[in-house]
Each structure stands twice: as C-alpha cells, then as structure tokens.
file start-v4.txt (compact mmCIF, C-alpha atoms)
# COMPACT_ATOMS: atom_id res chain seq x y z
CA MET J 101 -19.18 0.12 -29.50
CA THR J 102 -15.66 -1.18 -28.82
CA THR J 103 -14.20 -3.08 -31.77
CA ALA J 104 -11.43 -5.67 -31.62
CA LYS J 105 -9.15 -3.03 -33.15
CA ASP J 106 -9.80 -0.70 -30.20
CA LYS J 107 -9.71 -3.48 -27.65
CA TYR J 108 -6.32 -4.79 -28.78
CA GLN J 109 -4.52 -1.41 -28.88
CA LYS J 110 -3.39 -1.89 -25.30
CA VAL J 111 -3.20 -5.39 -23.86
CA ALA J 112 -1.65 -7.14 -20.89
CA TYR J 113 1.44 -8.97 -22.07
CA TYR J 114 2.23 -12.40 -20.64
CA PRO J 115 5.57 -13.45 -22.15
CA GLY J 116 5.96 -16.66 -20.13
CA CYS J 117 9.19 -18.38 -19.09
CA ALA J 118 10.43 -19.51 -22.50
CA LEU J 119 10.45 -15.95 -23.82
CA GLU J 120 12.83 -14.95 -21.06
CA GLY J 121 15.23 -17.74 -22.01
CA THR J 122 15.58 -19.80 -25.17
CA ALA J 123 12.94 -17.74 -26.99
CA HIS J 124 14.24 -14.30 -26.09
CA SER J 125 14.27 -13.38 -29.78
CA TYR J 126 10.50 -14.01 -29.87
CA ASN J 127 10.06 -11.71 -26.87
CA ARG J 128 12.24 -9.02 -28.40
CA SER J 129 10.62 -9.21 -31.85
CA THR J 130 7.07 -9.26 -30.43
CA GLN J 131 7.72 -6.10 -28.42
CA GLN J 132 9.46 -4.38 -31.33
CA VAL J 133 6.67 -5.27 -33.74
CA GLY J 134 4.14 -3.92 -31.23
CA LYS J 135 6.03 -0.61 -31.10
CA ALA J 136 6.31 -0.41 -34.88
CA LEU J 137 2.58 -1.04 -35.22
CA GLY J 138 1.61 1.37 -32.46
CA LEU J 139 0.18 -1.36 -30.23
CA ASP J 140 0.82 -1.12 -26.48
CA LEU J 141 2.00 -4.06 -24.42
CA VAL J 142 1.88 -3.81 -20.63
CA GLU J 143 3.64 -6.74 -19.02
CA VAL J 144 1.62 -8.62 -16.42
CA LYS J 145 2.95 -7.69 -12.99
CA ASN J 146 4.80 -10.40 -11.13
CA TRP J 147 3.58 -13.09 -13.49
CA ASN J 148 4.25 -16.77 -12.82
CA CYS J 149 4.93 -19.87 -14.89
CA CYS J 150 1.76 -21.34 -16.46
CA GLY J 151 2.89 -24.83 -15.49
CA ALA J 152 3.61 -25.64 -19.13
CA MET J 153 3.16 -29.37 -19.75
CA GLU J 154 4.79 -30.61 -16.57
CA VAL J 155 2.41 -29.49 -13.80
CA LYS J 156 -0.59 -30.91 -15.66
CA ASN J 157 0.82 -34.40 -15.19
CA ILE J 158 1.11 -33.90 -11.45
CA ASP J 159 -2.01 -31.89 -10.65
CA PRO J 160 -4.19 -30.39 -13.42
CA LYS J 161 -6.10 -28.23 -10.92
CA LEU J 162 -2.87 -26.64 -9.75
CA GLN J 163 -2.13 -25.80 -13.36
CA THR J 164 -5.56 -24.19 -13.69
CA TYR J 165 -4.73 -22.10 -10.63
CA LEU J 166 -1.35 -20.99 -12.03
CA SER J 167 -2.98 -19.67 -15.21
CA SER J 168 -5.86 -18.14 -13.25
CA ARG J 169 -3.41 -16.13 -11.14
CA VAL J 170 -1.96 -14.50 -14.26
CA MET J 171 -5.45 -13.60 -15.47
CA ALA J 172 -6.49 -12.40 -11.99
CA ILE J 173 -3.58 -9.97 -11.82
CA ALA J 174 -4.34 -8.64 -15.29
CA ALA J 175 -8.04 -8.22 -14.49
CA THR J 176 -8.05 -6.95 -10.92
CA GLU J 177 -4.66 -5.30 -10.32
CA MET J 178 -4.05 -3.96 -13.83
CA LYS J 179 -7.68 -3.46 -14.89
CA MET J 180 -6.94 -4.93 -18.30
CA ASP J 181 -9.53 -6.64 -20.52
CA VAL J 182 -7.17 -8.64 -22.73
CA VAL J 183 -4.15 -10.84 -22.01
CA MET J 184 -1.87 -11.59 -24.93
CA ALA J 185 0.36 -14.69 -24.73
CA PRO J 186 2.72 -15.29 -27.66
CA CYS J 187 3.77 -18.75 -26.39
CA ASN J 188 1.51 -21.55 -27.58
CA GLY J 189 1.93 -23.40 -24.27
CA CYS J 190 0.94 -20.37 -22.16
CA TYR J 191 -1.86 -19.44 -24.56
CA HIS J 192 -3.20 -23.01 -24.46
CA ASN J 193 -3.03 -23.18 -20.67
CA LEU J 194 -4.77 -19.84 -20.13
CA LYS J 195 -7.53 -20.86 -22.55
CA LYS J 196 -7.85 -24.22 -20.84
CA ALA J 197 -8.09 -22.56 -17.42
CA GLU J 198 -10.74 -20.19 -18.76
CA TYR J 199 -12.74 -23.15 -20.07
CA ASP J 200 -12.38 -25.16 -16.85
CA LEU J 201 -13.41 -22.22 -14.68
CA ALA J 202 -16.49 -21.73 -16.82
CA HIS J 203 -17.50 -25.38 -16.82
CA ASP J 204 -16.07 -27.19 -13.82
CA PRO J 205 -17.21 -26.27 -10.28
CA THR J 206 -14.35 -28.26 -8.70
CA SER J 207 -11.81 -26.12 -10.59
CA VAL J 208 -13.59 -22.98 -9.35
CA GLU J 209 -13.45 -24.26 -5.78
CA VAL J 210 -9.75 -25.22 -5.95
CA VAL J 211 -8.76 -21.95 -7.62
CA ASP J 212 -10.69 -19.95 -5.02
CA ARG J 213 -9.05 -21.81 -2.15
CA LEU J 214 -5.53 -21.43 -3.56
CA SER J 215 -6.09 -17.76 -4.48
CA GLN J 216 -7.25 -16.95 -0.95
CA LYS J 217 -4.27 -18.77 0.47
CA ALA J 218 -1.93 -16.85 -1.86
CA GLY J 219 -3.65 -13.58 -0.94
CA HIS J 220 -4.95 -12.34 -4.27
CA ALA J 221 -8.35 -11.99 -5.88
CA THR J 222 -9.91 -15.12 -7.31
CA TYR J 223 -10.20 -15.07 -11.08
CA ALA J 224 -13.71 -15.61 -12.44
CA ALA J 225 -14.25 -16.90 -15.97
CA GLY J 226 -14.85 -14.09 -18.45
CA GLN J 227 -12.96 -11.34 -16.63
CA VAL J 228 -10.35 -11.17 -19.39
CA GLU J 229 -10.02 -12.40 -22.94
CA THR J 230 -6.90 -14.40 -23.73
CA ILE J 231 -5.42 -13.99 -27.21
CA HIS J 232 -2.34 -15.14 -29.10
CA ALA J 233 0.17 -12.77 -30.73
CA LEU J 234 -1.36 -13.76 -34.08
CA ASP J 235 -4.85 -12.64 -32.94
CA TRP J 236 -3.34 -9.45 -31.55
CA ILE J 237 -1.83 -8.37 -34.86
CA MET J 238 -4.56 -9.81 -37.08
CA HIS J 239 -7.43 -8.18 -35.18
CA GLY J 240 -5.56 -5.15 -33.82
CA ILE J 241 -4.03 -4.11 -37.15
CA GLY J 242 -5.20 -6.49 -39.88
CA GLU J 243 -3.69 -7.28 -43.25
CA ASP J 244 -4.52 -3.90 -44.79
CA GLY J 245 -3.27 -1.98 -41.76
CA LEU J 246 -0.06 -3.99 -41.89
CA LYS J 247 0.42 -3.26 -45.60
CA GLN J 248 0.08 0.46 -44.91
CA ARG J 249 2.85 0.31 -42.32
CA LEU J 250 5.39 -1.75 -44.29
CA LYS J 251 8.75 -0.14 -44.88
CA GLY J 252 10.27 -3.19 -46.52
CA SER J 253 8.92 -6.42 -47.93
CA LEU J 254 9.44 -10.13 -47.63
CA GLN J 255 9.47 -9.90 -51.45
CA GLY J 256 8.69 -13.39 -52.62
CA LEU J 257 10.32 -15.21 -49.71
CA LYS J 258 8.95 -18.76 -49.75
CA VAL J 259 7.62 -19.57 -46.31
CA ALA J 260 6.15 -22.68 -44.69
CA ASN J 261 3.99 -21.54 -41.78
CA TYR J 262 4.25 -23.89 -38.84
CA TYR J 263 1.63 -23.42 -36.11
CA GLY J 264 2.36 -26.49 -33.98
CA CYS J 265 -0.20 -28.62 -32.23
CA MET J 266 -1.19 -26.45 -29.24
CA TYR J 267 -2.43 -23.34 -31.01
CA THR J 268 -5.67 -24.99 -32.12
CA ARG J 269 -6.06 -28.04 -29.92
CA PRO J 270 -8.34 -29.08 -28.25
CA ARG J 271 -10.92 -27.22 -30.26
CA HIS J 272 -13.45 -26.77 -27.46
CA ILE J 273 -11.21 -24.37 -25.53
CA PHE J 274 -11.16 -21.95 -28.48
CA PRO J 275 -14.84 -21.01 -28.88
CA GLU J 276 -13.94 -17.92 -30.95
CA LYS J 277 -12.32 -19.99 -33.70
CA ASP J 278 -14.06 -21.73 -36.64
CA LYS J 279 -16.69 -19.00 -36.85
CA GLY J 280 -16.30 -18.35 -40.56
CA PRO J 281 -14.61 -15.52 -42.47
CA GLY J 282 -12.28 -13.40 -40.38
CA THR J 283 -11.83 -16.02 -37.69
CA GLU J 284 -9.07 -18.57 -37.25
CA SER J 285 -9.54 -22.18 -38.34
CA THR J 286 -8.55 -25.01 -36.04
CA SER J 287 -8.11 -27.51 -38.88
CA LYS J 288 -6.30 -25.22 -41.32
CA PRO J 289 -5.02 -22.22 -39.40
CA HIS J 290 -4.17 -19.27 -41.64
CA PHE J 291 -3.52 -16.10 -39.60
CA MET J 292 0.25 -16.44 -39.97
CA ASP J 293 -0.14 -17.15 -43.69
CA ASP J 294 -2.36 -14.07 -44.05
CA LEU J 295 -0.03 -11.71 -42.18
CA LEU J 296 3.19 -12.89 -43.82
CA GLY J 297 1.42 -12.94 -47.20
CA ALA J 298 0.42 -9.31 -46.63
CA ALA J 299 4.10 -8.57 -45.97
CA GLY J 300 5.06 -10.03 -49.36
CA ALA J 301 5.90 -13.63 -48.51
CA VAL J 302 4.83 -16.54 -50.71
CA ASN J 303 3.19 -19.15 -48.50
CA VAL J 304 3.88 -22.68 -49.71
CA GLU J 305 1.41 -25.56 -49.35
CA PHE J 306 2.62 -27.13 -46.12
CA PRO J 307 0.68 -30.19 -44.96
CA LEU J 308 2.35 -30.42 -41.54
CA LYS J 309 1.42 -26.95 -40.28
CA THR J 310 -0.27 -28.31 -37.13
CA ALA J 311 1.70 -31.56 -36.82
CA CYS J 312 3.52 -32.58 -33.65
CA CYS J 313 7.17 -31.45 -33.40
CA GLY J 314 7.94 -34.00 -30.68
CA GLY J 315 8.56 -31.26 -28.14
CA ALA J 316 7.26 -33.44 -25.31
CA HIS J 317 9.66 -36.25 -26.25
CA THR J 318 12.77 -34.09 -26.28
CA LEU J 319 14.12 -35.32 -22.95
CA SER J 320 12.56 -38.76 -22.74
CA ASP J 321 13.23 -39.83 -26.31
CA SER J 322 15.44 -37.39 -28.19
CA ASP J 323 15.76 -39.54 -31.29
CA THR J 324 11.99 -39.52 -31.83
CA SER J 325 12.00 -35.72 -31.55
CA THR J 326 14.87 -35.44 -33.99
CA LYS J 327 13.11 -37.69 -36.50
CA LEU J 328 9.83 -35.78 -36.20
CA VAL J 329 11.61 -32.45 -36.63
CA LEU J 330 13.68 -33.77 -39.52
CA ASN J 331 10.50 -34.86 -41.25
CA ILE J 332 9.00 -31.38 -40.76
CA LEU J 333 12.15 -29.74 -42.14
CA ARG J 334 12.28 -32.08 -45.13
CA THR J 335 8.57 -31.61 -45.83
CA ALA J 336 9.00 -27.83 -45.78
CA GLU J 337 11.93 -28.10 -48.17
CA ALA J 338 10.02 -30.48 -50.44
CA ALA J 339 7.20 -27.92 -50.46
CA GLY J 340 9.69 -25.34 -51.75
CA ALA J 341 10.09 -23.32 -48.54
CA GLU J 342 13.22 -21.32 -47.80
CA VAL J 343 12.03 -20.44 -44.30
CA ILE J 344 9.82 -22.04 -41.68
CA ALA J 345 7.91 -19.35 -39.78
CA THR J 346 7.09 -20.29 -36.20
CA GLU J 347 4.83 -18.97 -33.44
CA CYS J 348 5.63 -21.36 -30.61
CA PRO J 349 8.89 -21.24 -28.60
CA THR J 350 8.87 -24.99 -27.96
CA CYS J 351 8.45 -25.80 -31.65
CA HIS J 352 10.98 -23.14 -32.64
CA SER J 353 13.77 -24.24 -30.33
CA GLY J 354 12.99 -27.88 -31.16
CA LEU J 355 13.28 -27.21 -34.89
CA GLU J 356 16.53 -25.32 -34.44
CA MET J 357 18.18 -27.77 -32.06
CA HIS J 358 17.10 -30.94 -33.83
CA GLN J 359 18.11 -29.50 -37.20
CA VAL J 360 21.65 -29.49 -35.82
CA ARG J 361 21.21 -32.89 -34.18
CA ALA J 362 19.78 -34.48 -37.33
CA GLU J 363 22.88 -33.47 -39.23
CA LYS J 364 25.26 -34.63 -36.50
CA LYS J 365 23.55 -37.86 -35.51
CA PHE J 366 21.82 -39.00 -38.69
CA ASN J 367 23.95 -37.20 -41.27
CA GLN J 368 20.78 -35.56 -42.62
CA PRO J 369 21.49 -31.89 -43.26
CA THR J 370 18.70 -29.47 -44.15
CA LYS J 371 19.05 -25.87 -45.27
CA VAL J 372 15.64 -24.36 -44.50
CA LYS J 373 15.86 -21.38 -42.12
CA ILE J 374 13.74 -21.08 -38.97
CA LEU J 375 12.46 -17.68 -37.85
CA TYR J 376 9.65 -16.46 -35.63
CA PHE J 377 6.84 -14.86 -37.60
CA THR J 378 7.36 -11.71 -35.53
CA GLN J 379 10.97 -11.57 -36.70
CA LEU J 380 9.85 -11.74 -40.32
CA LEU J 381 7.12 -9.15 -39.79
CA GLY J 382 9.59 -6.90 -37.98
CA LEU J 383 12.01 -7.01 -40.90
CA ALA J 384 9.18 -6.13 -43.28
CA LEU J 385 8.31 -3.22 -40.98
CA GLY J 386 11.82 -1.86 -41.43
CA LEU J 387 13.35 -3.10 -38.19
CA SER J 388 16.95 -4.28 -38.21
CA PRO J 389 17.90 -7.97 -37.75
CA ARG J 390 19.35 -7.05 -34.36
CA GLN J 391 16.13 -5.31 -33.27
CA VAL J 392 14.17 -8.50 -33.96
CA GLY J 393 16.81 -10.73 -32.35
CA VAL J 394 18.06 -12.67 -35.38
CA HIS J 395 21.41 -12.89 -33.55
CA GLU J 396 19.68 -14.63 -30.63
CA ASN J 397 18.45 -17.57 -32.68
CA ILE J 398 20.46 -20.78 -32.58
CA SER J 399 20.82 -21.02 -36.34
CA ASP J 400 22.42 -18.24 -38.34
CA SER J 401 19.98 -16.69 -40.80
CA LEU J 402 21.62 -13.31 -41.22
CA GLY J 403 23.60 -14.14 -44.36
CA PHE J 404 20.53 -15.68 -45.94
CA LEU J 405 18.34 -12.66 -45.10
CA ARG J 406 20.92 -10.28 -46.54
CA GLU J 407 21.22 -12.39 -49.67
CA LYS J 408 17.44 -12.19 -50.10
CA GLY J 409 17.52 -8.42 -49.62
CA ILE J 410 15.31 -8.62 -46.55
CA ALA J 411 17.88 -7.54 -43.95
CA MET P 87 -0.98 -56.54 -38.84
CA LYS P 88 1.80 -55.26 -41.03
CA PRO P 89 4.95 -55.02 -38.86
CA LEU P 90 6.15 -51.50 -38.10
CA ALA P 91 9.57 -52.16 -39.61
CA GLN P 92 7.93 -53.24 -42.85
CA ILE P 93 5.86 -50.05 -42.93
CA GLU P 94 8.99 -47.99 -42.41
CA GLN P 95 10.89 -49.86 -45.10
CA ARG P 96 8.06 -49.31 -47.55
CA LEU P 97 7.99 -45.58 -46.73
CA ASP P 98 11.76 -45.42 -47.32
CA LEU P 99 11.27 -47.03 -50.72
CA LEU P 100 8.41 -44.75 -51.72
CA GLU P 101 10.34 -41.70 -50.58
CA ALA P 102 13.32 -42.75 -52.63
CA GLY P 103 11.19 -42.37 -55.72
CA GLY P 104 9.27 -45.59 -55.85
CA SER P 105 5.86 -43.99 -56.18
CA GLY P 106 3.57 -44.73 -59.07
CA PRO P 107 -0.05 -45.49 -59.90
CA GLY P 108 -1.85 -46.73 -56.81
CA THR P 109 0.60 -45.12 -54.40
CA ALA P 110 -2.05 -42.82 -52.93
CA ALA P 111 -4.20 -45.79 -51.92
CA GLU P 112 -1.17 -47.64 -50.59
CA LEU P 113 -0.13 -44.67 -48.46
CA VAL P 114 -3.57 -44.47 -46.90
CA GLU P 115 -3.33 -48.21 -46.17
CA LEU P 116 0.08 -47.71 -44.58
CA GLY P 117 -1.43 -44.94 -42.42
CA GLU P 118 -4.20 -47.34 -41.40
CA ALA P 119 -1.63 -50.00 -40.57
CA VAL P 120 0.22 -47.54 -38.31
CA LEU P 121 -3.00 -46.65 -36.48
CA GLU P 122 -3.89 -50.34 -36.12
CA HIS P 123 -0.74 -50.76 -34.02
CA TRP P 124 -1.77 -47.93 -31.69
CA VAL P 125 -5.35 -49.17 -31.34
CA SER P 126 -4.23 -52.76 -30.74
CA ALA P 127 -1.62 -51.70 -28.18
CA LYS P 128 -4.47 -50.05 -26.27
CA GLY P 129 -6.25 -53.41 -26.18
CA LEU P 130 -8.92 -52.56 -28.75
CA VAL P 131 -9.87 -54.33 -31.95
CA PRO P 132 -9.07 -52.03 -34.90
CA THR P 133 -12.33 -50.86 -36.42
CA GLN P 134 -13.36 -51.69 -39.96
CA GLU P 135 -15.75 -48.75 -40.06
CA THR P 136 -15.17 -45.62 -42.06
CA ARG P 137 -15.66 -41.90 -41.42
CA GLU P 138 -16.08 -39.51 -44.31
CA GLY P 139 -15.19 -42.44 -46.57
CA PHE P 140 -11.91 -43.29 -44.84
CA ARG P 141 -11.14 -46.12 -42.45
CA LEU P 142 -8.03 -44.09 -41.57
CA LEU P 143 -10.20 -41.39 -39.98
CA ALA P 144 -12.32 -43.95 -38.12
CA LEU P 145 -9.16 -45.58 -36.75
CA HIS P 146 -7.85 -42.21 -35.65
CA ARG P 147 -11.05 -41.52 -33.80
CA GLN P 148 -10.89 -44.94 -32.19
CA GLY P 149 -7.27 -44.23 -31.20
CA CYS P 150 -8.42 -41.14 -29.29
CA THR P 151 -10.56 -43.24 -26.94
CA ASP P 152 -9.60 -42.15 -23.40
CA ASP P 153 -6.60 -40.37 -24.88
CA PRO P 154 -7.46 -36.92 -26.22
CA SER P 155 -3.77 -36.10 -26.75
CA PHE P 156 -3.87 -38.52 -29.68
CA ASN P 157 -5.80 -35.78 -31.45
CA ALA P 158 -2.42 -34.17 -32.11
CA CYS P 159 -2.29 -36.37 -35.23
CA ARG P 160 -5.86 -35.60 -36.31
CA GLU P 161 -4.85 -33.08 -38.94
CA THR P 162 -2.01 -35.32 -40.10
CA CYS P 163 -4.58 -38.03 -40.85
CA ARG P 164 -6.89 -35.51 -42.52
CA GLU P 165 -4.03 -34.20 -44.68
CA LEU P 166 -3.37 -37.75 -45.78
CA ALA P 167 -7.03 -38.19 -46.75
CA TYR P 168 -7.06 -34.78 -48.45
CA HIS P 169 -3.98 -35.56 -50.55
CA HIS P 170 -5.45 -38.96 -51.44
CA ASN P 171 -8.52 -37.19 -52.78
CA LEU P 172 -6.42 -34.68 -54.70
CA VAL P 173 -4.40 -37.41 -56.37
CA THR P 174 -7.23 -39.80 -57.14
CA SER P 175 -9.65 -37.15 -58.39
CA ASP P 176 -7.18 -36.02 -61.05
CA PRO P 177 -4.27 -38.47 -61.42
CA GLN P 178 -2.98 -36.74 -64.56
CA HIS P 179 -2.63 -33.38 -62.82
CA PRO P 180 0.92 -31.99 -63.19
CA ALA P 181 1.15 -31.64 -59.40
CA THR P 182 0.48 -35.36 -58.80
CA PRO P 183 4.16 -36.35 -58.28
CA GLN P 184 4.58 -33.48 -55.78
CA ARG P 185 1.36 -34.41 -54.02
CA LEU P 186 2.55 -38.02 -53.70
CA THR P 187 5.85 -36.79 -52.24
CA MET P 188 3.93 -34.72 -49.69
CA MET P 189 1.67 -37.67 -48.95
CA THR P 190 4.65 -39.92 -48.29
CA LEU P 191 6.16 -37.38 -45.89
CA VAL P 192 2.81 -36.95 -44.12
CA THR P 193 2.48 -40.73 -43.73
CA ARG P 194 5.98 -40.86 -42.31
CA HIS P 195 5.02 -38.17 -39.81
CA LEU P 196 2.08 -40.25 -38.69
CA PHE P 197 4.39 -43.25 -38.35
CA LEU P 198 6.92 -41.29 -36.28
CA PHE P 199 4.26 -39.69 -34.11
CA VAL P 200 2.51 -42.96 -33.32
CA THR P 201 5.63 -45.03 -32.71
CA GLY P 202 7.06 -42.24 -30.54
CA LYS P 203 3.83 -42.00 -28.61
CA MET P 204 3.77 -45.76 -28.08
CA GLN P 205 7.14 -45.52 -26.42
CA VAL P 206 6.26 -42.52 -24.27
CA ALA P 207 2.96 -44.15 -23.28
CA ALA P 208 4.95 -47.24 -22.32
CA LEU P 209 3.21 -49.20 -25.01
CA GLY P 210 6.39 -49.69 -26.95
CA ASP P 211 9.91 -50.63 -26.00
CA PHE P 212 9.55 -49.73 -22.33
CA CYS P 213 6.67 -52.07 -21.65
CA CYS P 214 7.17 -55.81 -21.42
CA ALA P 215 3.51 -56.45 -22.17
CA SER P 216 3.67 -54.74 -25.51
CA ARG P 217 7.20 -55.64 -26.46
CA PRO P 218 5.89 -58.38 -28.79
CA ILE P 219 4.40 -55.66 -30.97
CA ARG P 220 7.87 -54.29 -31.49
CA LEU P 221 9.49 -57.67 -31.84
CA GLN P 222 7.15 -58.53 -34.69
CA ALA P 223 8.36 -55.39 -36.34
CA GLU P 224 12.02 -56.36 -36.28
CA PRO P 225 13.43 -57.85 -39.48
CA GLN P 226 14.38 -61.53 -39.20
CA GLU P 227 18.03 -62.14 -38.51
CA ILE P 228 19.72 -64.19 -41.16
CA GLY P 229 22.18 -66.93 -40.23

call {"tool": "encode", "arguments": {"input": "start-v4.txt", "output": "structure tokens"}}
result
Amino acid sequence: MTTAKDKYQKVAYYPGCALEGTAHSYNRSTQQVGKALGLDLVEVKNWNCCGAMEVKNIDPKLQTYLSSRVMAIAATEMKMDVVMAPCNGCYHNLKKAEYDLAHDPTSVEVVDRLSQKAGHATYAAGQVETIHALDWIMHGIGEDGLKQRLKGSLQGLKVANYYGCMYTRPRHIFPEKDKGPGTESTSKPHFMDDLLGAAGAVNVEFPLKTACCGGAHTLSDSDTSTKLVLNILRTAEAAGAEVIATECPTCHSGLEMHQVRAEKKFNQPTKVKILYFTQLLGLALGLSPRQVGVHENISDSLGFLREKGIA
Amino acid sequence: MKPLAQIEQRLDLLEAGGSGPGTAAELVELGEAVLEHWVSAKGLVPTQETREGFRLLALHRQGCTDDPSFNACRETCRELAYHHNLVTSDPQHPATPQRLTMMTLVTRHLFLFVTGKMQVAALGDFCCASRPIRLQAEPQEIG
C-alpha cells in the first residue's frame, strides 16, 4: 500500500508566477529544503498562470481551465500523481478547479472545449492530488523525520505563524482537512506551528493567523492594506513574536512592503521580522541564509538571525 | 447604529490602555456594531439572533449572504468570541490583561476588514447611495 510518505517523495512542482518574481526567496528555499530533506520536486512543464484573483472576476470558468491545464500536464504528460503548489493563491485555485470539475458539469464542458482548442488532454477530476508545501513536508517527512534531519535549531525563536485567508477557505474545497488527528484544521491551522515547533521554535498564541492581510486591496486602496498589515504586525508583536512565519507570497510581500509603508506614511514602526517558513526550516536544516534567499527578502533579517545564533 | 468613527475612537482608547472590567463584553458589542454596518449596507436588517451564544457570529453569517468572500473574517469573529469566553470564564487569570489586548487588536482587524471591504464593494466612500453611512461616522465639525 502506498503511504503519503511514499507518495510525496517525488511530486510535480508548480511554483506559480509570484515565486518567479517577488517571492523568489520562497521558491529558492522550498527547493533547497526539498533537497535537504531528500524530497524530489519536478517542475511542471510549460506551466501557466493560475489566474490568481484577477481572472476569476472576469470569467471564473476560464480560471478553472487555467488550473486544469497545469494539472493535465502533470497527470498526462509527466505521469505524476501529486502537484505541490507553495503559493496559497495557486493552491486555492487548483483545489477550486478540482472541486468544480467534480461537481459542475458546465465547468467540465468548458474545460474540455478549451483544452481541445489548446491541443492538450482534458483534465478529469481526481487525476492528481493537489497539496501545499506544508502538506508536502508534514506528510512526506513529518515532525519526527524533520527532527532527525536537523543540523541546527530555531532554539527558542518566538514565532507567530501566519497562514493567510486562502489556505483554508472556502472549507468545502479542502475535503482532506478537518478529519481529526494528523490532518490540517481549517479554523485553527497548525501544520506550520508543528513543523517550526519541531525545529525548536516557540509558537506564540496568534489570533490573526488566518486573518485577511488586505492583499486584494493593495492597488485599489493601499491605506486599508497598510492598516490591516500594521494591525497584524502589532498583534504579532503584542503576542511576543520576534518573527512572523509566512506561507503565502501575497501575504509575505504585503507584510514586508506595508511594514515599510506604515512607518513612512503613518509613523508606526514595527520590528518583527518576516520570513517564509521554508526559510526558517532551511536554516534549521543547516542551510546558509543565502541558500534560503534571506538576501532576496525586502526586509533585512540577516543581522537579527545572526544575533539569535540561527544564521 | 454606532457610527464607525465612534467605534474606531473607542478602539483607540481601549488600545491605549483603557481596558477594565466589562471590556470583553464591550469589545464583542463593538464587533457586532461593525458587522451591523456591513449588513445594513447590503440592505438587510441586522439580526438579533445568536449562534453558539453570540449575536456576533449570527451577524457574521448574515453578512455572508450572497457574499462568500465575507467568510474571510469568520475566524476573526470566532477569535473574538473565543477570547471573550477566556476572559469571562476566569477574569482573575494572570493572562487576562494580555487576552484583552489581543481582543482589542482582533476587534480592530474586524473593523479594518469590514470598512475596507465596504469601500472595495462600493458600499463605502465610492458609492453615493451608501455615503450617508460614512457621513454618520464623521465627527461633527465644531464652529
């Protein structure tokens, strides 16, 4: 019988657009952590944008098609069973497409028509399983497996784990969650807490772990985004966190950019550092700050990490 | 309905250290007042019903009517209810001041999320029809 551990040893990797741009450090650290853990990532051939949040507003069926194409390539051209998407937006869209194709005949019809027109196989629901980078490490390695591979430690680093709003919402597109012990919770997600805790971090009580970061408002109403981010940063600091660990490129870049903006525009400085959870795990696995892309983040965390003895 | 500006001013005061006995209940009421604005702007009458003992949660559910994206503040509302229960079940607990601080920040997040969403959904400043909601929220000019 194939276990999740076996199944996740080699997965199709769908980085998505953000990880090739503003979130390159997430891309770099995810790949490096995979290598350090002995997990294989095979990038999806000729992948396309998932449509993020923009295409949905124009034509939701087109968005379903865009995600289905990525899954079709993984399933039919690459013969992979699992697609791993570290970006919350991509992960959400692939899961949503999977749900729609399993429940909505019109989506099936539109996807089939567009796939034929584009000249590739039509994706059918269930051909692949879509997972997040957190699922990949949690189920492919687990907390004990991670502990065995540690070469360093996050040694008491106080972390607020910020999951963002797309990792667990809407609940119906994540049928594998909320199934009891060992599965992720949509109301109180904990995989990031569990993994970073296993690496030595102290997870603080953070009540805004799934709250909105205002990512969608960034262009239309920047001040609202800045205020939402500032409130997240201040809440993390009030909870005693030195670092906010992230797992979504939109949230991460929003937190970093609006941290700067909040200081400049509202004279509200905050000191909490913002790092991808893969960067923190990578450091605990003995990778260098450069290998996990600390230099590619907007904010400078290197001095802080050295001071803490983590880098 | 309590004007939005008044809600914000009260949150500023509580965050500056004005919390005390009864603050947990007041924060839940402020959260309800925020949600009343959203529900009213959508043309609905804010419910008086409760879910799991909280009108706040019933109002949130009502706010999601035809707008599933409003669920993005579901856990924020539930955290508010959770912290209320923590504080009121053991007010003398040493963590009570910290819990009230967290509760105030969570309420502010709800306020920011809802007011931001009202603007993006054209229910706020960008919509003439709902501009009165905002105008009510502005402090009176003196002189």

call {"tool": "residues_around", "arguments": {"input": "start-v4.txt", "residues": "Ser155 in chain P", "least_positions_apart": "3", "cutoff": "9 Å", "atoms": "all atoms listed in the file", "output": "mmCIF file with C-alpha atoms, in the coordinates of the input"}}
result
data_model
loop_
_atom_site.group_PDB
_atom_site.id
_atom_site.type_symbol
_atom_site.label_atom_id
_atom_site.label_comp_id
_atom_site.auth_asym_id
_atom_site.auth_seq_id
_atom_site.Cartn_x
_atom_site.Cartn_y
_atom_site.Cartn_z
ATOM 1 C CA ARG J 269 -6.060 -28.040 -29.920
ATOM 2 C CA PRO J 270 -8.340 -29.080 -28.250
ATOM 3 C CA CYS P 150 -8.420 -41.140 -29.290
ATOM 4 C CA ALA P 158 -2.420 -34.170 -32.110
ATOM 5 C CA CYS P 159 -2.290 -36.370 -35.230
#

call {"tool": "closest_atom_pairs", "arguments": {"input": "start-v4.txt", "of": "chain J", "to": "chain P", "cutoff": "10 Å", "atoms": "only C-alpha atoms", "output": "tab-separated table"}}
result
residue	atom	partner	partner_atom	distance
J:Gly264	CA	P:Ala158	CA	9.2
J:Cys265	CA	P:Ala158	CA	6.0
J:Met266	CA	P:Ala158	CA	8.3
J:Thr268	CA	P:Ala158	CA	9.7
J:Arg269	CA	P:Ala158	CA	7.5
J:Pro270	CA	P:Asn157	CA	7.8
J:Thr286	CA	P:Glu161	CA	9.3
J:Ser287	CA	P:Glu161	CA	6.5
J:Lys288	CA	P:Glu161	CA	8.3
J:Glu305	CA	P:Met188	CA	9.5
J:Phe306	CA	P:Met188	CA	8.5
J:Pro307	CA	P:Glu165	CA	6.2
J:Leu308	CA	P:Thr162	CA	6.7
J:Lys309	CA	P:Glu161	CA	8.9
J:Thr310	CA	P:Glu161	CA	6.9
J:Ala311	CA	P:Thr162	CA	6.2
J:Cys312	CA	P:Ala158	CA	6.3
J:Cys313	CA	P:Phe199	CA	8.8
J:Gly314	CA	P:Phe199	CA	7.6
J:Ala316	CA	P:Val206	CA	9.2
J:His317	CA	P:Val206	CA	7.4
J:Ser320	CA	P:Val206	CA	7.5
J:Asp321	CA	P:Val206	CA	7.7
J:Ser322	CA	P:Gly202	CA	10.0
J:Asp323	CA	P:Gly202	CA	9.1
J:Thr324	CA	P:Gly202	CA	5.8
J:Ser325	CA	P:Gly202	CA	8.2
J:Lys327	CA	P:Leu198	CA	7.2
J:Leu328	CA	P:Leu198	CA	6.2
J:Val329	CA	P:His195	CA	9.3
J:Leu330	CA	P:His195	CA	9.7
J:Asn331	CA	P:His195	CA	6.6
J:Ile332	CA	P:His195	CA	7.9
J:Arg334	CA	P:Leu191	CA	8.1
J:Thr335	CA	P:Leu191	CA	6.3
J:Ala336	CA	P:Met188	CA	9.4
J:Ala338	CA	P:Met188	CA	7.5
J:Ala339	CA	P:Met188	CA	7.6

call {"tool": "closest_residue", "arguments": {"input": "start-v4.txt", "among": "P:Val114, P:Met87, P:Leu186, P:Leu99", "to": "Pro132 in chain P", "atoms": "all atoms listed in the file"}}
result
P:Met87

call {"tool": "closest_residue", "arguments": {"input": "start-v4.txt", "among": "P:Met204, P:Ala119, P:Val173, P:Leu97", "to": "Gln134 in chain P", "atoms": "all atoms listed in the file"}}
result
P:Ala119

call {"tool": "closest_residue", "arguments": {"input": "start-v4.txt", "among": "J:Pro369, J:Gly297, J:Gly252, J:Pro289", "to": "Thr326 in chain J", "atoms": "only C-alpha atoms"}}
result
J:Pro369

call {"tool": "atom_distance", "arguments": {"input": "start-v4.txt", "atom1": "CA of Ile231 in chain J", "atom2": "CA of Gly219 in chain J"}}
result
26.3 Å
